[in-house]
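Below: the structure, in structure tokens.
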Amino acid sequence: MPYEIVLEDLCLEAIIGVLPREREQAQRLQVEARIGYERDGKGFLDYAQVRESIITHLQQARYELLEQACDGLAAWLYASFSPITTLTLTLKKPDVFVDCCVGVCRSYP
């Protein structure tokens, strides 16, 4: 039976960017995820573990581009949680501009 976990407004600090100051100082990153998975009737996908895995991966990986972070995180989640069947990720840098929040979004089969 298909289900979907939804994570909204997950905020964390991570090194992400290409500018020298972005490579040295962590900045705020917002993550949203829609994670489709199959439940076989007995098990479940633990959203607490998924959340912690997202935080740990993004803080350790130190990506340069949001696109790289999105693709790398997707690969990590698929490898770490076998029940995942579909995934939509949105990564945002809310502090880049004062008048808007900038980010990327991608869906994975």
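Chain labels run A, B, ... following the order of the structure tokens; each chain numbers its residues from 1, and ligands are numbered from 1 in the order shown.
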Check your understanding: Tell me, which residues of chain A carry DSSP alpha helix (DSSP H), written as a PyMOL selection string?
Key -> chain A and resi 20-24+47-61+66-80
Point to revise | Who sits within 7 Å of Lys93 of chain A, only C-alpha atoms, same chain under 3 positions skipped, as a VMD selection string | key: chain A and resid 28 to 30 96 101 to 103
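With only C-alpha atoms taken into account, the protein and nucleic acid residues at most 10 Å from segment 55-60 of chain A (excluding it and anything under 2 positions from it in its own chain) are Leu10, Cys11, Leu12, Glu13, Ala14, Ile15, Ile16, Ala26, Leu29, Val31, Gln49, Val50, Arg51, Glu52, Ser53, Arg62, Tyr63, Ala69, Cys70, Gly72, Leu73, Trp76 and Leu77 of chain A.
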Point to revise | Residue contacts of Thr85 of chain A (7 Å, only C-alpha atoms) excluding same-chain residues fewer than 5 positions away, as a PyMOL selection string | key: chain A and resi 36-38+109
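When only C-alpha atoms are used to compute distances to Arg39 of chain A, the closest of the residues A:Leu89, A:Met1, A:Leu7, A:Ile84 turns out to be A:Met1.
In this structure, atom CA of Pro83 of chain A sits 10.5 Å away from atom CA of Asp46 of chain A.
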